[in-house]
Each structure stands twice: as C-alpha cells, then as structure tokens.
$ cat model.cif   # mmCIF, C-alpha atoms
data_my_file
loop_
_atom_site.label_atom_id
_atom_site.label_comp_id
_atom_site.auth_asym_id
_atom_site.auth_seq_id
_atom_site.Cartn_x
_atom_site.Cartn_y
_atom_site.Cartn_z
CA MET A 1 142.78 42.14 120.26
CA ARG A 2 144.98 43.16 117.32
CA GLU A 3 147.48 40.82 115.83
CA TRP A 4 151.03 41.41 117.10
CA THR A 5 153.72 40.82 114.48
CA GLY A 6 156.69 41.45 116.75
CA HIS A 7 157.24 45.06 115.68
CA VAL A 8 155.12 48.21 115.74
CA THR A 9 152.98 48.66 112.64
CA GLU A 10 151.11 51.63 111.22
CA GLU A 11 147.84 50.13 112.45
CA TRP A 12 149.13 49.92 116.04
CA LEU A 13 150.43 53.48 115.99
CA LYS A 14 147.09 54.83 114.67
CA ALA A 15 145.19 52.88 117.31
CA TRP A 16 147.52 54.22 120.02
CA ASN A 17 147.02 57.83 118.77
CA LEU A 18 143.25 57.41 118.82
CA GLN A 19 143.46 55.76 122.27
CA GLN A 20 141.77 52.60 120.97
CA LEU A 21 144.23 50.15 122.54
CA SER A 22 143.28 48.16 125.58
CA GLY A 23 145.46 48.37 128.71
CA ALA A 24 147.26 45.11 127.90
CA GLU A 25 147.85 46.13 124.25
CA GLU A 26 149.20 49.53 125.25
CA GLN A 27 151.46 47.90 127.84
CA MET A 28 152.80 45.47 125.20
CA LEU A 29 153.34 48.33 122.68
CA LEU A 30 155.20 50.59 125.10
CA THR A 31 157.31 47.73 126.49
CA HIS A 32 158.40 46.74 122.98
CA VAL A 33 159.14 50.36 122.00
CA GLY A 34 161.34 50.61 125.09
CA THR A 35 163.44 47.63 124.02
CA CYS A 36 163.52 47.88 120.19
CA SER A 37 165.38 50.85 118.68
CA PHE A 38 163.72 50.40 115.26
CA CYS A 39 160.24 50.62 116.75
CA ALA A 40 161.30 53.47 119.05
CA ASP A 41 162.31 55.48 115.96
CA GLN A 42 158.96 54.80 114.30
CA PHE A 43 157.12 55.72 117.51
CA ALA A 44 159.09 58.98 117.82
CA ALA A 45 158.39 59.84 114.16
CA CYS A 46 154.70 59.26 114.81
CA LEU A 47 154.77 61.59 117.81
CA GLU A 48 156.70 64.27 115.90
CA GLN A 49 154.28 64.03 112.98
CA ASP A 50 151.39 64.93 115.25
CA LEU A 51 153.25 67.98 116.59
CA THR A 52 154.16 69.53 113.24
CA GLU A 53 150.72 70.84 112.25
CA PRO A 54 148.35 72.50 114.72
CA PRO A 55 144.64 71.90 114.33
CA ALA A 56 142.84 74.27 111.95
CA TYR A 57 140.52 75.60 114.65
CA LEU A 58 143.37 76.57 117.00
CA HIS A 59 144.05 79.99 115.46
CA GLU A 60 140.43 81.14 115.72
CA GLU A 61 140.10 79.71 119.23
CA ILE A 62 143.15 81.61 120.44
CA LEU A 63 141.84 84.87 118.94
CA GLU A 64 138.42 84.33 120.52
CA ARG A 65 139.86 83.62 123.95
CA SER A 66 142.14 86.66 123.77
CA LYS A 67 139.07 88.86 123.30
CA SER A 68 137.38 87.51 126.41
CA LEU A 69 136.88 89.81 129.38
CA GLU A 70 138.95 87.61 131.69
CA ILE A 71 142.02 87.69 129.42
CA GLN A 72 141.67 91.45 128.85
CA ALA A 73 141.53 92.01 132.63
CA VAL A 74 144.67 89.93 133.19
CA LYS A 75 146.41 91.84 130.39
CA LYS A 76 145.44 95.20 131.91
CA VAL A 77 146.61 94.11 135.38
CA TYR A 78 149.94 92.99 133.91
CA GLN A 79 150.40 96.31 132.06
CA THR A 80 149.50 98.29 135.19
CA SER A 81 151.84 96.15 137.25
CA LYS A 82 154.61 96.75 134.72
CA GLN A 83 154.03 100.51 134.85
CA MET A 84 154.01 100.42 138.66
CA ARG A 85 157.29 98.48 138.73
CA LEU A 86 158.84 101.03 136.36
CA PHE A 87 157.56 103.89 138.52
CA LEU A 88 158.95 102.32 141.70
CA TYR A 89 162.29 101.64 140.04
CA SER A 90 162.47 105.26 138.83
CA LEU A 91 161.57 106.46 142.31
CA LYS A 92 164.33 104.36 143.88
CA VAL A 93 166.89 105.67 141.39
CA GLY A 94 165.75 109.26 141.98
CA VAL A 95 166.04 108.91 145.75
CA ALA A 96 169.48 107.32 145.41
CA VAL A 97 170.70 110.19 143.20
CA ALA A 98 169.26 112.80 145.59
CA VAL A 99 170.90 111.18 148.63
CA SER A 100 174.22 110.91 146.77
CA LEU A 101 174.14 114.60 145.84
CA LEU A 102 173.19 115.54 149.38
CA LEU A 103 176.11 113.57 150.79
CA LEU A 104 178.44 115.02 148.18
CA PHE A 105 177.64 118.61 149.10
CA VAL A 106 177.01 118.23 152.84
CA SER A 107 180.07 116.11 153.63
CA PRO A 108 182.67 118.91 153.23
CA ILE A 109 180.54 121.27 155.32
CA MET A 110 180.23 118.67 158.06
CA GLU A 111 183.96 118.02 157.97
CA LYS A 112 184.68 121.75 158.27
CA ASN A 113 182.28 122.04 161.21
CA THR A 114 183.87 119.02 162.88
CA ILE A 115 187.34 120.58 162.63
CA GLN A 116 186.03 123.85 164.05
CA LEU A 117 184.33 122.00 166.91
CA LYS A 118 187.57 120.18 167.72
CA LYS A 119 189.49 123.48 167.75
CA THR A 120 186.87 125.11 169.94
CA TYR A 121 186.92 122.17 172.32
CA LEU A 122 190.69 122.17 172.56
CA GLU A 123 190.81 125.93 173.08
CA SER A 124 188.07 126.00 175.70
CA ARG A 125 189.51 123.13 177.67
CA THR A 126 191.72 124.09 180.61
CA LEU A 127 195.15 122.63 180.25
CA THR A 128 196.86 120.78 183.04
CA LEU A 129 200.31 121.80 184.18
CA THR A 130 201.89 118.83 182.35
CA GLU A 131 200.11 119.73 179.09
CA LYS A 132 201.27 123.36 179.41
CA VAL A 133 204.89 122.26 180.00
CA ASP A 134 204.68 119.85 177.03
CA GLY A 135 203.34 122.65 174.82
CA VAL A 136 206.09 125.05 175.84
CA TRP A 137 208.71 122.32 175.39
CA GLN A 138 207.44 121.57 171.83
CA GLU A 139 207.53 125.25 170.96
CA PHE A 140 211.06 125.56 172.34
CA THR A 141 212.36 122.51 170.48
CA GLY A 142 210.71 123.78 167.30
CA TRP A 143 212.42 127.14 167.76
CA LEU A 144 215.78 125.41 168.29
CA LYS A 145 215.35 123.36 165.13
CA ASP A 146 214.39 126.43 163.12
CA SER A 147 217.36 128.42 164.41
CA GLY A 148 219.74 125.50 163.76
CA GLU A 149 218.55 125.22 160.19
CA LYS A 150 219.03 128.96 159.65
CA GLU A 151 222.63 128.78 160.88
CA ASP A 152 223.32 125.93 158.42
CA LEU A 153 222.20 128.17 155.59
CA TYR A 154 224.80 130.88 156.47
CA ASP A 155 227.77 128.49 156.68
#

$ encode --input "model.cif" --output "structure tokens"
Amino acid sequence: MREWTGHVTEEWLKAWNLQQLSGAEEQMLLTHVGTCSFCADQFAACLEQDLTEPPAYLHEEILERSKSLEIQAVKKVYQTSKQMRLFLYSLKVGVAVAVSLLLLFVSPIMEKNTIQLKKTYLESRTLTLTEKVDGVWQEFTGWLKDSGEKEDLYD
C-alpha cells in the first residue's frame, strides 16, 4: 500500500490512471478528492491532461476502420436513405401543389354548377299556393317601391 500524505500526490494520480490502485486505495483517493477542493482541482487537471492529446495510433485506426466493408455498407445505406427521404419529400410537395392547383381551378366551376343546380331545382319544383301568393306579393311591393321612388324624382 502506498503512503498517504493527506493530499493527492503525483504518484497517486499516476497509479490511478494506470489502474494500479487497490480497491481500498481508490476508495480513499476518491473520497478525499470529493472533500478537498485543492485535490479536486489537481484530479481534474490530471483528467483534462489525458484528454488533450489523442493517441498516435488513433488517426490510422480511424482511417482503416472507415475503409472496412461494414462501414462502407452503412455509409451507402445512409446515403440511399437520405436520397429516398429527399425523393419522398419532393413527391409530397409535388402532390400538394397539384392538389392546390386542382382546387384553385375546379372550385369556381363547381360553384357555378351548384348555382345552376339550385336554379334548376327551384324552377322545376311546383310551387304551393302560399309560395305563389308570396311571390306575387313581393313583386307587387317591389313595383310599388320602384314607382314611389320615380315619383320622388319628379317632385
């Protein structure tokens, strides 16, 4: 067991990085780091120091793995999937534009046909006696209003 001086030393940090501490030593180190701000700063600096420089072999390993058949297949599937998503999106937009144009040009025609159908229905329907009297009455009152307005013009 290493000698504990009460604070974390360089020797303890190196041993921790190399995973050479026993369970009890690691427990003691981490407990102390959790309670002492000075040692916590040193511990954090040690962790950050390890993260600043990647291992020398990492670059070549990444390039080698990217050339593997498995990675190339995943890349091709992703590209194909991306193209398919773009195609489907374009298809949706195209259909939406086509439907909008169809509604834009068909709507007035449908409205015109609806008005004609209403007129045809009203004309073909046989009127009841009350409806005939109401129609004649409306025409008569309209004629009276028109004639009254004409007389006002001559005064």

$ resolve_selection --input "model.cif" --expression "the PyMOL selection byres ((chain A and resi 5-21) around 10)" --output "ChimeraX atom specification"
/A:1-4,22-27,29-30,32-33,36,38-40,42-43,46-47,50

$ write_last_selection --input "model.cif" --atoms "C-alpha atoms" --output "CSV table (one decimal), in the frame of the given file"
chain,number,residue,atom,x,y,z
A,1,MET,CA,142.8,42.1,120.3
A,2,ARG,CA,145.0,43.2,117.3
A,3,GLU,CA,147.5,40.8,115.8
A,4,TRP,CA,151.0,41.4,117.1
A,22,SER,CA,143.3,48.2,125.6
A,23,GLY,CA,145.5,48.4,128.7
A,24,ALA,CA,147.3,45.1,127.9
A,25,GLU,CA,147.8,46.1,124.2
A,26,GLU,CA,149.2,49.5,125.2
A,27,GLN,CA,151.5,47.9,127.8
A,29,LEU,CA,153.3,48.3,122.7
A,30,LEU,CA,155.2,50.6,125.1
A,32,HIS,CA,158.4,46.7,123.0
A,33,VAL,CA,159.1,50.4,122.0
A,36,CYS,CA,163.5,47.9,120.2
A,38,PHE,CA,163.7,50.4,115.3
A,39,CYS,CA,160.2,50.6,116.8
A,40,ALA,CA,161.3,53.5,119.0
A,42,GLN,CA,159.0,54.8,114.3
A,43,PHE,CA,157.1,55.7,117.5
A,46,CYS,CA,154.7,59.3,114.8
A,47,LEU,CA,154.8,61.6,117.8
A,50,ASP,CA,151.4,64.9,115.2

$ atom_distance --input "model.cif" --atom1 "CA of Ile71 in chain A" --atom2 "CA of Arg85 in chain A"
20.9 Å

$ atom_distance --input "model.cif" --atom1 "CA of Asp41 in chain A" --atom2 "CA of Met28 in chain A"
16.6 Å
